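Q: Okay, so here is my_file_26.csv, and as you'll see once you scroll down, it has CSV, C-alpha atoms.
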```csv
chain,number,residue,atom,x,y,z
A,1,MET,CA,0.0,0.0,0.0
A,2,SER,CA,1.3,3.4,-0.9
A,3,LYS,CA,2.1,5.9,1.8
A,4,TYR,CA,2.3,9.7,1.7
A,5,CYS,CA,4.1,12.3,3.7
A,6,GLY,CA,1.9,13.8,6.3
A,7,ASN,CA,3.5,17.2,5.9
A,8,CYS,CA,3.8,17.9,2.1
A,9,GLY,CA,1.7,15.0,0.7
A,10,ALA,CA,4.5,13.6,-1.5
A,11,GLN,CA,4.3,9.9,-2.2
A,12,MET,CA,7.0,7.9,-0.3
A,13,ASP,CA,8.5,4.4,-0.8
A,14,ASP,CA,7.0,1.8,1.5
A,15,SER,CA,10.3,1.3,3.3
A,16,ALA,CA,11.1,5.0,3.6
A,17,ARG,CA,11.2,6.5,7.2
A,18,VAL,CA,11.8,10.1,6.1
A,19,CYS,CA,10.1,12.1,3.3
A,20,GLY,CA,12.5,12.5,0.4
A,21,ASN,CA,10.7,15.7,-0.6
A,22,CYS,CA,10.6,17.8,2.6
A,23,GLY,CA,12.6,15.7,5.1
A,24,THR,CA,9.8,15.2,7.5
A,25,PRO,CA,9.9,11.9,9.5
A,26,PHE,CA,7.2,9.4,8.6
A,27,VAL,CA,4.8,8.9,11.5
A,28,GLY,CA,2.4,5.9,11.2
A,29,ALA,CA,0.5,4.9,8.1
A,30,THR,CA,-1.2,7.5,5.9
A,31,PRO,CA,-4.0,6.8,3.4
A,32,ALA,CA,-3.5,6.4,-0.3
A,33,SER,CA,-3.7,9.3,-2.7
A,34,GLY,CA,-7.3,10.7,-3.2
A,35,ALA,CA,-8.4,9.7,0.4
A,36,ALA,CA,-8.7,12.1,3.2
A,37,ARG,CA,-5.6,12.3,5.3
A,38,THR,CA,-4.5,14.1,8.4
A,39,GLN,CA,-1.6,16.4,7.7
A,40,PHE,CA,1.2,16.8,10.2
A,41,ARG,CA,2.7,20.3,10.5
A,42,SER,CA,6.0,20.9,12.1
A,43,PRO,CA,6.4,23.4,14.9
A,44,ALA,CA,8.4,25.6,12.5
A,45,ALA,CA,5.5,25.7,10.0
A,46,LYS,CA,3.0,26.5,12.8
A,47,ALA,CA,5.1,29.3,14.0
A,48,LYS,CA,5.5,30.7,10.5
A,49,ASN,CA,1.7,30.6,9.9
A,50,LYS,CA,1.1,32.3,13.3
A,51,LYS,CA,3.6,35.1,12.3
A,52,ILE,CA,1.8,35.6,9.0
A,53,LEU,CA,-1.6,35.9,10.8
A,54,THR,CA,-0.2,38.4,13.3
A,55,ILE,CA,1.3,40.6,10.5
A,56,ALA,CA,-2.0,40.4,8.6
A,57,GLY,CA,-4.0,41.3,11.7
A,58,GLY,CA,-1.7,44.2,12.4
A,59,ALA,CA,-2.0,45.5,8.9
A,60,ALA,CA,-5.8,45.4,9.0
A,61,ALA,CA,-5.9,47.3,12.3
A,62,ALA,CA,-3.5,49.9,10.9
A,63,LEU,CA,-5.8,50.3,7.8
A,64,VAL,CA,-8.8,50.8,10.0
A,65,VAL,CA,-7.0,53.5,12.1
A,66,LEU,CA,-5.9,55.2,8.9
A,67,ILE,CA,-9.4,55.3,7.6
A,68,ILE,CA,-10.6,56.8,10.9
A,69,VAL,CA,-7.9,59.5,10.8
A,70,ILE,CA,-8.7,60.4,7.2
A,71,LYS,CA,-12.4,60.8,8.1
A,72,ILE,CA,-11.6,63.0,11.1
A,73,LEU,CA,-9.2,65.2,9.0
A,74,THR,CA,-11.7,65.6,6.2
A,75,THR,CA,-14.5,66.5,8.7
A,76,PHE,CA,-12.6,69.0,10.8
A,77,THR,CA,-10.2,70.5,8.3
A,78,GLY,CA,-10.2,72.1,4.9
A,79,TYR,CA,-13.4,73.0,3.1
A,80,ASN,CA,-15.6,70.5,5.1
A,81,GLY,CA,-14.1,71.8,8.4
A,82,ALA,CA,-15.0,75.4,7.4
A,83,VAL,CA,-18.6,74.4,6.5
A,84,ARG,CA,-18.9,72.6,9.8
A,85,LYS,CA,-17.5,75.6,11.7
A,86,ALA,CA,-19.9,78.1,9.9
A,87,MET,CA,-22.9,75.9,10.5
A,88,LYS,CA,-22.2,75.4,14.2
A,89,ALA,CA,-22.0,79.2,14.5
A,90,TYR,CA,-25.3,79.4,12.6
A,91,GLU,CA,-26.9,77.0,15.0
A,92,LYS,CA,-25.7,78.9,18.0
A,93,TYR,CA,-26.4,82.4,16.6
A,94,ASP,CA,-22.7,83.1,16.9
A,95,ILE,CA,-22.3,86.3,14.9
A,96,ASP,CA,-18.7,86.8,16.0
A,97,THR,CA,-17.5,83.5,14.6
A,98,LEU,CA,-19.3,84.1,11.3
A,99,ALA,CA,-17.8,87.6,11.0
A,100,SER,CA,-14.3,86.1,11.7
A,101,MET,CA,-14.8,83.7,8.9
A,102,SER,CA,-15.8,86.4,6.4
A,103,SER,CA,-13.9,86.9,3.1
A,104,ASP,CA,-12.5,90.2,2.0
A,105,TYR,CA,-15.3,90.4,-0.6
A,106,LEU,CA,-17.9,90.1,2.1
A,107,TYR,CA,-16.3,92.9,4.1
A,108,MET,CA,-16.0,95.2,1.0
A,109,ASN,CA,-19.5,94.5,-0.2
A,110,ASN,CA,-21.1,95.3,3.1
A,111,ALA,CA,-19.1,98.4,4.0
A,112,ASP,CA,-17.4,96.4,6.8
A,113,ASP,CA,-20.7,95.7,8.5
A,114,VAL,CA,-20.6,92.0,8.3
A,115,ASP,CA,-22.2,91.7,11.7
A,116,GLY,CA,-25.3,93.4,10.4
A,117,TYR,CA,-25.2,91.2,7.3
A,118,PHE,CA,-25.3,87.9,9.3
A,119,GLU,CA,-27.8,89.3,11.9
A,120,SER,CA,-30.3,90.1,9.1
A,121,ILE,CA,-30.1,86.6,7.6
A,122,LEU,CA,-30.2,84.7,10.9
A,123,ASN,CA,-33.0,86.9,12.3
A,124,SER,CA,-35.1,86.2,9.3
A,125,ASP,CA,-34.5,82.4,9.6
A,126,TYR,CA,-35.0,82.3,13.3
A,127,ASP,CA,-38.3,84.3,13.1
A,128,ARG,CA,-39.6,81.7,10.6
A,129,PHE,CA,-38.6,78.9,13.0
A,130,ASP,CA,-40.4,80.7,15.9
A,131,ASP,CA,-43.5,81.1,13.8
A,132,TYR,CA,-43.7,77.4,12.8
A,133,VAL,CA,-42.3,75.5,15.8
A,134,GLY,CA,-42.5,77.9,18.8
A,135,HIS,CA,-39.6,79.4,20.7
A,136,ASN,CA,-38.1,76.1,22.1
A,137,TYR,CA,-36.5,74.1,19.4
A,138,LYS,CA,-33.3,72.4,18.4
A,139,LEU,CA,-31.5,73.0,15.1
A,140,SER,CA,-29.7,70.4,13.0
A,141,TYR,CA,-28.3,70.6,9.5
A,142,GLU,CA,-27.4,68.3,6.6
A,143,VAL,CA,-25.2,69.2,3.6
A,144,LYS,CA,-27.2,68.0,0.6
A,145,GLU,CA,-24.8,69.0,-2.2
A,146,THR,CA,-21.5,70.7,-2.7
A,147,TYR,CA,-20.3,72.0,-6.1
A,148,LYS,CA,-18.1,74.7,-7.7
A,149,MET,CA,-19.7,78.0,-8.5
A,150,PRO,CA,-21.1,77.9,-12.1
A,151,GLU,CA,-19.2,79.9,-14.7
A,152,TYR,CA,-22.0,82.3,-15.4
A,153,GLU,CA,-22.1,83.3,-11.7
A,154,LEU,CA,-18.3,83.6,-11.7
A,155,SER,CA,-18.5,86.0,-14.7
A,156,GLU,CA,-21.0,88.2,-12.9
A,157,TYR,CA,-18.7,88.5,-9.8
A,158,ARG,CA,-15.7,89.2,-12.0
A,159,HIS,CA,-17.5,92.0,-13.7
A,160,TYR,CA,-18.7,93.3,-10.4
A,161,ALA,CA,-15.2,93.2,-8.9
A,162,ASP,CA,-13.7,95.0,-11.9
A,163,TYR,CA,-16.4,97.7,-11.9
A,164,ASN,CA,-15.9,98.4,-8.2
A,165,ASP,CA,-12.1,97.9,-8.4
A,166,TYR,CA,-12.3,95.1,-5.8
A,167,ASP,CA,-9.5,92.6,-5.3
A,168,ILE,CA,-11.4,89.6,-4.2
A,169,GLY,CA,-9.0,86.8,-4.8
A,170,ASP,CA,-9.2,83.7,-7.0
A,171,LEU,CA,-12.9,83.3,-7.8
A,172,SER,CA,-12.3,79.9,-9.4
A,173,THR,CA,-11.8,78.4,-5.9
A,174,ILE,CA,-15.4,79.2,-4.8
A,175,LYS,CA,-17.5,76.2,-3.7
A,176,ILE,CA,-21.2,76.3,-2.8
A,177,SER,CA,-23.0,73.9,-0.4
A,178,ASP,CA,-26.8,73.5,-0.4
A,179,ILE,CA,-27.7,72.8,3.3
A,180,SER,CA,-31.0,71.8,4.9
A,181,VAL,CA,-31.6,73.3,8.3
A,182,THR,CA,-34.3,71.7,10.5
A,183,ALA,CA,-35.8,73.1,13.6
A,184,LYS,CA,-37.6,70.6,15.9
A,185,GLY,CA,-39.8,71.7,18.7
A,186,SER,CA,-43.5,71.5,19.0
A,187,GLY,CA,-43.4,70.8,15.3
A,188,SER,CA,-40.8,70.7,12.6
A,189,GLU,CA,-39.7,73.2,9.9
A,190,THR,CA,-37.0,72.8,7.3
A,191,ILE,CA,-35.4,75.5,5.2
A,192,THR,CA,-32.6,75.4,2.6
A,193,ILE,CA,-29.6,77.7,2.8
A,194,ARG,CA,-26.7,78.2,0.4
A,195,LEU,CA,-23.2,78.7,1.8
A,196,ALA,CA,-20.5,79.9,-0.5
A,197,LEU,CA,-16.8,79.7,0.5
A,198,ILE,CA,-13.7,81.1,-1.2
A,199,LYS,CA,-10.1,80.0,-0.7
A,200,GLU,CA,-8.1,82.9,0.7
A,201,GLY,CA,-4.5,81.9,1.3
A,202,ARG,CA,-4.7,78.6,3.2
A,203,SER,CA,-8.1,79.2,4.7
A,204,TRP,CA,-11.7,78.9,3.5
A,205,LYS,CA,-13.7,82.1,4.1
A,206,ILE,CA,-17.4,82.9,3.7
A,207,PHE,CA,-18.1,84.5,0.4
A,208,TRP,CA,-21.8,84.8,1.0
A,209,LEU,CA,-24.7,83.1,2.9
A,210,GLU,CA,-28.2,82.9,1.4
A,211,SER,CA,-31.5,81.6,2.8
```
Would you put the structure from the file into structure tokens?

A:
Amino acid sequence: MSKYCGNCGAQMDDSARVCGNCGTPFVGATPASGAARTQFRSPAAKAKNKKILTIAGGAAAALVVLIIVIKILTTFTGYNGAVRKAMKAYEKYDIDTLASMSSDYLYMNNADDVDGYFESILNSDYDRFDDYVGHNYKLSYEVKETYKMPEYELSEYRHYADYNDYDIGDLSTIKISDISVTAKGSGSETITIRLALIKEGRSWKIFWLES
């Protein structure tokens, strides 16, 4: 009856005590080829497999951490971070933060009264929420869509800037987010606002806010 190495599966001579293929000592009888057989694994092979599994597990954990870090960075920095900061200020009626995030264009176009600009917009939105859901409510928001400012709008702003001799930076960097703001109190009311940001240096600044 033929016998086979329990480690590598190679066929062995009936009289052989050591596998001529891998050098593993023959332990007991093994079934013929095609039949199920229990494989013997040397301690070295087991240690190698354990090391491979450990490395694979470590790589998977590192990948998960990397994904989490990237998600945090994209949420709290760059354009998304600026949108988040502006909307948190909107929710808290934080005019000072909104003013601090204002672009040069917004200051020039509002004769430096950006506080009044934001107060007018937020007062109108908050009055609507008061009318529909009462005075005790909680605000939440959701960014529905983000896109670059269309070329026809860019052309209008370029013409406006040239006419008024404004230096308002690189208009091609402007992005717009359509955002749903929901007030929940005794009822629920949702409005849509548009937030435009422009890249000034290394920071994103508010170009305008519409509701």

Q: Counting all atoms listed in the file, which residues of stretch 146-170 of chain A sit at most 12 Å from some atom of stretch 177-180 of chain A, and what is each one's closest atom pair with its distance in Å to one decimal, listed by chain and rising residue number, as CSV?

A:
```
residue,atom,partner,partner_atom,distance
A:Thr146,CA,A:Ser177,CA,4.2
A:Tyr147,CA,A:Ser177,CA,6.6
A:Lys148,CA,A:Ser177,CA,8.8
A:Met149,CA,A:Ser177,CA,9.7
```

Q: Quick one: of A:Ala86, A:Leu139, A:Ala99, A:Ala183, who's nearest to A:Ala196, counting all atoms listed in the file?

A: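 For A:Ala196, the nearest of the candidates is A:Ala86.
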
Q: What does the distance between atom CA of A:Arg202 and atom CA of A:Val181 come to in Å, to one decimal place?

A: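 Taking atom CA of A:Arg202 and atom CA of A:Val181, their separation equals 27.9 Å.
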
Q: Could you state the separation of atom CA of A:Asp13 and atom CA of A:Phe26 in Å, given to one decimal place?

A: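 Computing it gives 10.7 Å between the two atoms.
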
Q: For A:Arg158, work out the shell of residues within 10 Å, counting only C-alpha atoms and skipping chain neighbours fewer than 5 positions away, then give it as a PyMOL selection string.

A: chain A and resi 152-153+163-164+166-168+170-171

Q: Just the residues within 12 Å of stretch 103-109 of chain A, please, counting all atoms listed in the file, with nothing from its chain fewer than 3 positions along; format it as a ChimeraX atom specification.

A: /A:98-100,112-118,157-158,160-161,164-171,174,196-201,203-209

Q: By how many Å are atom CA of A:Cys19 and atom CA of A:Cys5 apart?

A: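 Distance between the two atoms: 6.0 Å.
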
Q: Write out as a PyMOL selection string the residues lying within 12 Å of A:Gly23, counting only C-alpha atoms and excluding same-chain residues fewer than 4 positions away.

A: chain A and resi 5-10+12+16-19+42

Q: Restricting the calculation to only C-alpha atoms: of A:Asp131, A:Gly57, A:Tyr79, A:Tyr137, which residue gets closest to A:Lys92?

A: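 Under the stated criterion, the closest residue is A:Tyr137.
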
Q: For A:Asp130, find every residue with an atom within 10 Å (counting all atoms listed in the file), except residues of its own chain fewer than 5 positions away, and show them as a list of chain:residue names.

A: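 Surrounding residues, per the criterion: A:Asp125, A:His135, A:Asn136, A:Tyr137, A:Ala183, A:Gly185, A:Glu189.
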
Q: Would you please work out which residue, of A:Lys175, A:Thr24, A:Lys138, A:Gln11, is nearest to A:Tyr126 when using all atoms listed in the file?

A: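 Among A:Lys175, A:Thr24, A:Lys138, A:Gln11, it is A:Lys138 that comes nearest to A:Tyr126.
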
Q: Smallest atom-to-atom distance to A:Met101: which of A:His159, A:Lys85, A:Lys184, A:Lys51, using all atoms listed in the file?

A: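 For A:Met101, the nearest of the given residues is A:Lys85.
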
Q: Please determine, counting all atoms listed in the file, which residue among A:Thr54, A:Asn80, A:Asn110, A:Asn21 has the shortest atom-to-atom distance to A:Ile176.

A: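 Closest to A:Ile176, using all atoms listed in the file: A:Asn80.
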
Q: Identify which of the residues A:Lys88, A:Lys48, A:Gly134, A:Ser124 lies closest to A:Ser186, counting all atoms listed in the file when measuring atom-to-atom distances.

A: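 Closest residue, counting all atoms listed in the file: A:Gly134.
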
Q: Got a moment to write stretch 148-194 of chain A out with N, CA and C atoms, as a compact mmCIF listing (two decimals), in the first residue's frame?

A:
```
# COMPACT_ATOMS: atom_id res chain seq x y z
N LYS A 148 -18.82 73.42 -7.38
CA LYS A 148 -18.14 74.65 -7.72
C LYS A 148 -19.13 75.67 -8.27
N MET A 149 -18.86 76.95 -8.01
CA MET A 149 -19.75 77.99 -8.51
C MET A 149 -19.79 77.93 -10.04
N PRO A 150 -20.99 77.95 -10.64
CA PRO A 150 -21.12 77.89 -12.10
C PRO A 150 -20.40 79.07 -12.77
N GLU A 151 -19.96 78.85 -13.98
CA GLU A 151 -19.18 79.85 -14.69
C GLU A 151 -19.96 81.16 -14.90
N TYR A 152 -21.26 81.05 -15.16
CA TYR A 152 -22.03 82.28 -15.39
C TYR A 152 -22.07 83.16 -14.14
N GLU A 153 -22.11 82.54 -12.96
CA GLU A 153 -22.07 83.32 -11.72
C GLU A 153 -20.68 83.91 -11.50
N LEU A 154 -19.64 83.13 -11.81
CA LEU A 154 -18.28 83.64 -11.68
C LEU A 154 -18.07 84.86 -12.57
N SER A 155 -18.63 84.82 -13.78
CA SER A 155 -18.48 85.95 -14.70
C SER A 155 -19.14 87.20 -14.14
N GLU A 156 -20.28 87.05 -13.49
CA GLU A 156 -20.97 88.20 -12.90
C GLU A 156 -20.14 88.81 -11.78
N TYR A 157 -19.53 87.96 -10.95
CA TYR A 157 -18.71 88.47 -9.84
C TYR A 157 -17.41 89.11 -10.35
N ARG A 158 -16.85 88.55 -11.41
CA ARG A 158 -15.65 89.16 -11.98
C ARG A 158 -15.96 90.56 -12.51
N HIS A 159 -17.08 90.69 -13.22
CA HIS A 159 -17.49 91.98 -13.75
C HIS A 159 -17.75 92.96 -12.61
N TYR A 160 -18.43 92.49 -11.57
CA TYR A 160 -18.73 93.34 -10.41
C TYR A 160 -17.45 93.79 -9.72
N ALA A 161 -16.50 92.87 -9.58
CA ALA A 161 -15.24 93.21 -8.92
C ALA A 161 -14.44 94.22 -9.74
N ASP A 162 -14.41 94.02 -11.05
CA ASP A 162 -13.68 94.96 -11.91
C ASP A 162 -14.33 96.34 -11.88
N TYR A 163 -15.65 96.38 -11.92
CA TYR A 163 -16.38 97.65 -11.93
C TYR A 163 -16.12 98.45 -10.65
N ASN A 164 -16.07 97.74 -9.50
CA ASN A 164 -15.87 98.41 -8.22
C ASN A 164 -14.41 98.43 -7.77
N ASP A 165 -13.53 97.93 -8.66
CA ASP A 165 -12.10 97.88 -8.36
C ASP A 165 -11.83 97.10 -7.07
N TYR A 166 -12.50 95.93 -6.93
CA TYR A 166 -12.29 95.06 -5.78
C TYR A 166 -11.26 94.01 -6.11
N ASP A 167 -10.38 93.74 -5.19
CA ASP A 167 -9.46 92.61 -5.30
C ASP A 167 -10.01 91.50 -4.41
N ILE A 168 -10.75 90.58 -5.00
CA ILE A 168 -11.44 89.58 -4.18
C ILE A 168 -10.86 88.18 -4.34
N GLY A 169 -9.63 88.11 -4.82
CA GLY A 169 -8.96 86.81 -4.84
C GLY A 169 -9.33 85.94 -6.03
N ASP A 170 -8.98 84.68 -5.91
CA ASP A 170 -9.18 83.71 -6.99
C ASP A 170 -10.60 83.16 -6.93
N LEU A 171 -11.47 83.70 -7.78
CA LEU A 171 -12.87 83.30 -7.76
C LEU A 171 -13.07 81.85 -8.18
N SER A 172 -12.11 81.28 -8.90
CA SER A 172 -12.27 79.90 -9.36
C SER A 172 -12.26 78.89 -8.22
N THR A 173 -11.86 79.33 -7.02
CA THR A 173 -11.83 78.41 -5.87
C THR A 173 -13.16 78.35 -5.14
N ILE A 174 -14.13 79.17 -5.53
CA ILE A 174 -15.40 79.23 -4.79
C ILE A 174 -16.17 77.90 -4.91
N LYS A 175 -16.62 77.41 -3.76
CA LYS A 175 -17.50 76.25 -3.69
C LYS A 175 -18.80 76.63 -2.97
N ILE A 176 -19.88 75.99 -3.37
CA ILE A 176 -21.20 76.26 -2.78
C ILE A 176 -21.77 74.97 -2.20
N SER A 177 -22.32 75.07 -1.02
CA SER A 177 -23.01 73.92 -0.40
C SER A 177 -24.48 74.27 -0.20
N ASP A 178 -25.35 73.39 -0.67
CA ASP A 178 -26.79 73.49 -0.37
C ASP A 178 -27.04 72.71 0.91
N ILE A 179 -27.60 73.39 1.91
CA ILE A 179 -27.71 72.81 3.25
C ILE A 179 -29.14 72.89 3.76
N SER A 180 -29.68 71.78 4.24
CA SER A 180 -31.01 71.76 4.86
C SER A 180 -30.85 72.01 6.35
N VAL A 181 -31.58 72.98 6.86
CA VAL A 181 -31.57 73.28 8.29
C VAL A 181 -32.96 72.98 8.85
N THR A 182 -33.03 72.14 9.87
CA THR A 182 -34.30 71.72 10.45
C THR A 182 -34.40 72.15 11.91
N ALA A 183 -35.54 72.77 12.23
CA ALA A 183 -35.84 73.14 13.61
C ALA A 183 -36.90 72.18 14.13
N LYS A 184 -36.64 71.53 15.26
CA LYS A 184 -37.59 70.60 15.86
C LYS A 184 -37.96 71.09 17.25
N GLY A 185 -39.24 71.32 17.45
CA GLY A 185 -39.76 71.75 18.74
C GLY A 185 -41.14 71.15 18.91
N SER A 186 -42.16 72.01 19.01
CA SER A 186 -43.53 71.50 19.05
C SER A 186 -43.93 70.94 17.69
N GLY A 187 -43.19 71.33 16.68
CA GLY A 187 -43.37 70.82 15.33
C GLY A 187 -42.02 70.73 14.66
N SER A 188 -42.02 70.73 13.34
CA SER A 188 -40.77 70.65 12.60
C SER A 188 -40.85 71.55 11.37
N GLU A 189 -39.79 72.29 11.12
CA GLU A 189 -39.72 73.15 9.94
C GLU A 189 -38.32 73.07 9.35
N THR A 190 -38.25 72.93 8.03
CA THR A 190 -36.97 72.82 7.34
C THR A 190 -36.85 73.89 6.27
N ILE A 191 -35.69 74.53 6.23
CA ILE A 191 -35.40 75.50 5.19
C ILE A 191 -34.10 75.09 4.51
N THR A 192 -33.84 75.63 3.34
CA THR A 192 -32.59 75.37 2.62
C THR A 192 -31.79 76.65 2.53
N ILE A 193 -30.54 76.59 2.93
CA ILE A 193 -29.65 77.73 2.81
C ILE A 193 -28.51 77.36 1.88
N ARG A 194 -27.87 78.38 1.30
CA ARG A 194 -26.71 78.18 0.43
C ARG A 194 -25.53 78.90 1.05
```
